[in-house]
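What follows is one structure encoded as structure tokens, with my remarks underneath.
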Amino acid sequence: MRLQYYVDEEGESTIGLWVPKRGCFIDVTAQDEQLWAAMLPGGKKLRKEIETWIAKGAEDGVPVDMKGLAVSSALHVQPCSLVCLGKTYADHAKEFSGDAPTEPSIFMKATSAISSDLSYVLNPTGARKLDYEVELAVIIGDTLHRASEAEARRAIVGYTLMCDYSERAWQLEHAGQWTMGKSYDTFAPFGPVLVTKDEIPNPDNLALELRVNGELRQQANTSQLIMPVAQLVAYVSQFMTLNPGDVVSTGTPGGVGMGMTPPRYLKPGDTVEFSCSAIGRVTQTVEEE
């Protein structure tokens, strides 16, 4: 299943379910609870019913009316924990600190950073070093506590993309406060869709790209991660309990602005595009706060 989420000017949400036979998203907002239940590990029967309905063309479904709507965060529920991983690609680890660790770093990003409108990212007042990081994000559908890799794999609901925006001065020049530099409003856009794991049977072979003003800055494959995706999720669960709806963002490859010589940070008016062929593309404009 592929789900896209929208929001109107009043903050009301609409959920669209992609129906290939009709080439559009069908409004399934009223089926919100059933959709989430179908995605959870125990929802196989309900998921099958929805997939059959999709395959038949969802003839009784009404297309999403995009008038007055903006594409919103591709998360079905608000996560309690938004867990991010650092130094999971060797090339980024080297451009960041010069080493290639065998274990990732773990940090948290405030859930208030999740975007309600994917069309823009804010350049905060006083920000000097706004940077970008394309990442594969994993949505959790079951409680994980000191889980094995197999348990983590079963608990994954689906995947989307996140751009882990960072204000590097806030992150690195204020007593090493990573969360401080990564938690401003709009710094966690997820999208463009949530893709359930049945459509991505191998998350360890996904091509990621990020462009700034059309220039290719990041290009990598999740096969280059220092651990497979499910193992990364299991690793996080050794240090904290993950609950349904939580998100683990798996880290970024090389090519960030901070790693360039000289560094090339984002500025108001810049366009950022991050994409994965299996998930889609998000295009954002940097706006001065």
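Quick note on naming: the chains in the structure tokens go A, B, ... in the order shown, residues restart at 1 in each chain, and ligands are numbered from 1 in order of appearance.
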
Might you pull out every residue within 9 Å of region 81-91 of chain A, with only C-alpha atoms counted and same-chain residues fewer than 2 positions away left off, and present them as a ChimeraX atom specification? /A:78-79,93-97,99-111,137,164,222,224-227,232,236,242-243,245-255

As a list of chain:residue names, please: all residues of region 131-173 of chain A that backbone DSSP puts in alpha helix (DSSP H).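 For region 131-173 of chain A, the alpha helix (DSSP H) set is A:Glu149, A:Ala150, A:Glu151, A:Ala152, A:Arg153, A:Arg154, A:Ala155, A:Arg168, A:Ala169, A:Trp170, A:Gln171, A:Leu172.
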
DSSP on the backbone, then: every residue of region 176-243 of chain A marked strand (DSSP E), written as a ChimeraX atom specification. /A:190-196,207-212,215-221

Determine the nearest neighbour of Met260 (chain A) from the options A:Gln218, A:Leu69, A:Trp178, A:Gly280, counting only C-alpha atoms.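 Using only C-alpha atoms, the shortest distance to Met260 (chain A) belongs to A:Gln218.
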
With distances taken over only C-alpha atoms, the candidate from A:Arg146, A:Arg168, A:Lys267, A:Arg153 nearest Thr241 (chain A) is A:Arg146

Write out, as JSON lines, each residue of region 85-131 of chain A that has an atom at most 10 Å from region 5-15 of chain A, together with the closest pair of atoms and their distance in Å to one decimal, counting only C-alpha atoms, rows going by chain and rising number.
{"residue": "A:Ser116", "atom": "CA", "partner": "A:Val7", "partner_atom": "CA", "distance": 7.0}
{"residue": "A:Asp117", "atom": "CA", "partner": "A:Val7", "partner_atom": "CA", "distance": 7.4}
{"residue": "A:Leu118", "atom": "CA", "partner": "A:Tyr6", "partner_atom": "CA", "distance": 9.5}

Those residues you just picked out, can you put them in a file as a short mmCIF file (atom, residue, chain, number, x, y, z; two decimals), in the first residue's frame with all heavy atoms?
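Generated output (again.cif):
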data_model
loop_
_atom_site.label_atom_id
_atom_site.label_comp_id
_atom_site.auth_asym_id
_atom_site.auth_seq_id
_atom_site.Cartn_x
_atom_site.Cartn_y
_atom_site.Cartn_z
N SER A 116 4.20 19.80 8.67
CA SER A 116 2.79 19.64 8.30
C SER A 116 2.57 20.01 6.84
O SER A 116 1.52 19.73 6.27
CB SER A 116 1.89 20.49 9.19
OG SER A 116 2.23 21.86 9.08
N ASP A 117 3.56 20.66 6.24
CA ASP A 117 3.48 21.05 4.83
C ASP A 117 4.86 20.81 4.23
O ASP A 117 5.83 21.47 4.60
CB ASP A 117 3.09 22.53 4.73
CG ASP A 117 2.92 23.02 3.29
OD1 ASP A 117 3.42 22.34 2.37
OD2 ASP A 117 2.33 24.09 3.09
N LEU A 118 4.94 19.87 3.29
CA LEU A 118 6.24 19.48 2.75
C LEU A 118 6.79 20.44 1.71
O LEU A 118 7.88 20.22 1.18
CB LEU A 118 6.15 18.08 2.11
CG LEU A 118 5.85 16.91 3.03
CD1 LEU A 118 6.02 15.59 2.26
CD2 LEU A 118 6.75 16.91 4.26
#

Selection near Ser148 (chain A), 10 Å with only C-alpha atoms, sequence-local residues under 6 positions removed, as a PyMOL selection string: chain A and resi 230-231+233-235+237-238

Show me a table, sorted first by chain and then by increasing residue number, of the residues of region 241-274 of chain A having an atom at most 7 Å from region 196-213 of chain A, each with its shortest atom pair and the distance in Å to one decimal, counting only C-alpha atoms and written as CSV.
residue,atom,partner,partner_atom,distance
A:Asp270,CA,A:Asn213,CA,6.0
A:Thr271,CA,A:Asn213,CA,5.0
A:Val272,CA,A:Val212,CA,4.7
A:Glu273,CA,A:Arg211,CA,5.1
A:Phe274,CA,A:Leu210,CA,4.2

Kindly export the residues of the current selection with N, CA, C and O atoms, as a PDB file, in the first residue's frame.
ATOM      1  N   ASP A 270      16.734  28.624  -1.960  1.00  0.00           N
ATOM      2  CA  ASP A 270      17.253  27.368  -2.506  1.00  0.00           C
ATOM      3  C   ASP A 270      16.137  26.326  -2.603  1.00  0.00           C
ATOM      4  O   ASP A 270      15.190  26.323  -1.800  1.00  0.00           O
ATOM      5  N   THR A 271      16.278  25.420  -3.576  1.00  0.00           N
ATOM      6  CA  THR A 271      15.356  24.302  -3.732  1.00  0.00           C
ATOM      7  C   THR A 271      16.080  23.013  -3.381  1.00  0.00           C
ATOM      8  O   THR A 271      17.178  22.757  -3.885  1.00  0.00           O
ATOM      9  N   VAL A 272      15.473  22.225  -2.512  1.00  0.00           N
ATOM     10  CA  VAL A 272      16.024  20.934  -2.098  1.00  0.00           C
ATOM     11  C   VAL A 272      15.089  19.838  -2.589  1.00  0.00           C
ATOM     12  O   VAL A 272      13.879  19.885  -2.338  1.00  0.00           O
ATOM     13  N   GLU A 273      15.642  18.856  -3.300  1.00  0.00           N
ATOM     14  CA  GLU A 273      14.871  17.698  -3.769  1.00  0.00           C
ATOM     15  C   GLU A 273      15.527  16.435  -3.222  1.00  0.00           C
ATOM     16  O   GLU A 273      16.711  16.209  -3.482  1.00  0.00           O
ATOM     17  N   PHE A 274      14.775  15.639  -2.488  1.00  0.00           N
ATOM     18  CA  PHE A 274      15.315  14.356  -2.035  1.00  0.00           C
ATOM     19  C   PHE A 274      14.384  13.245  -2.501  1.00  0.00           C
ATOM     20  O   PHE A 274      13.162  13.416  -2.535  1.00  0.00           O
TER      21      PHE A 274
END
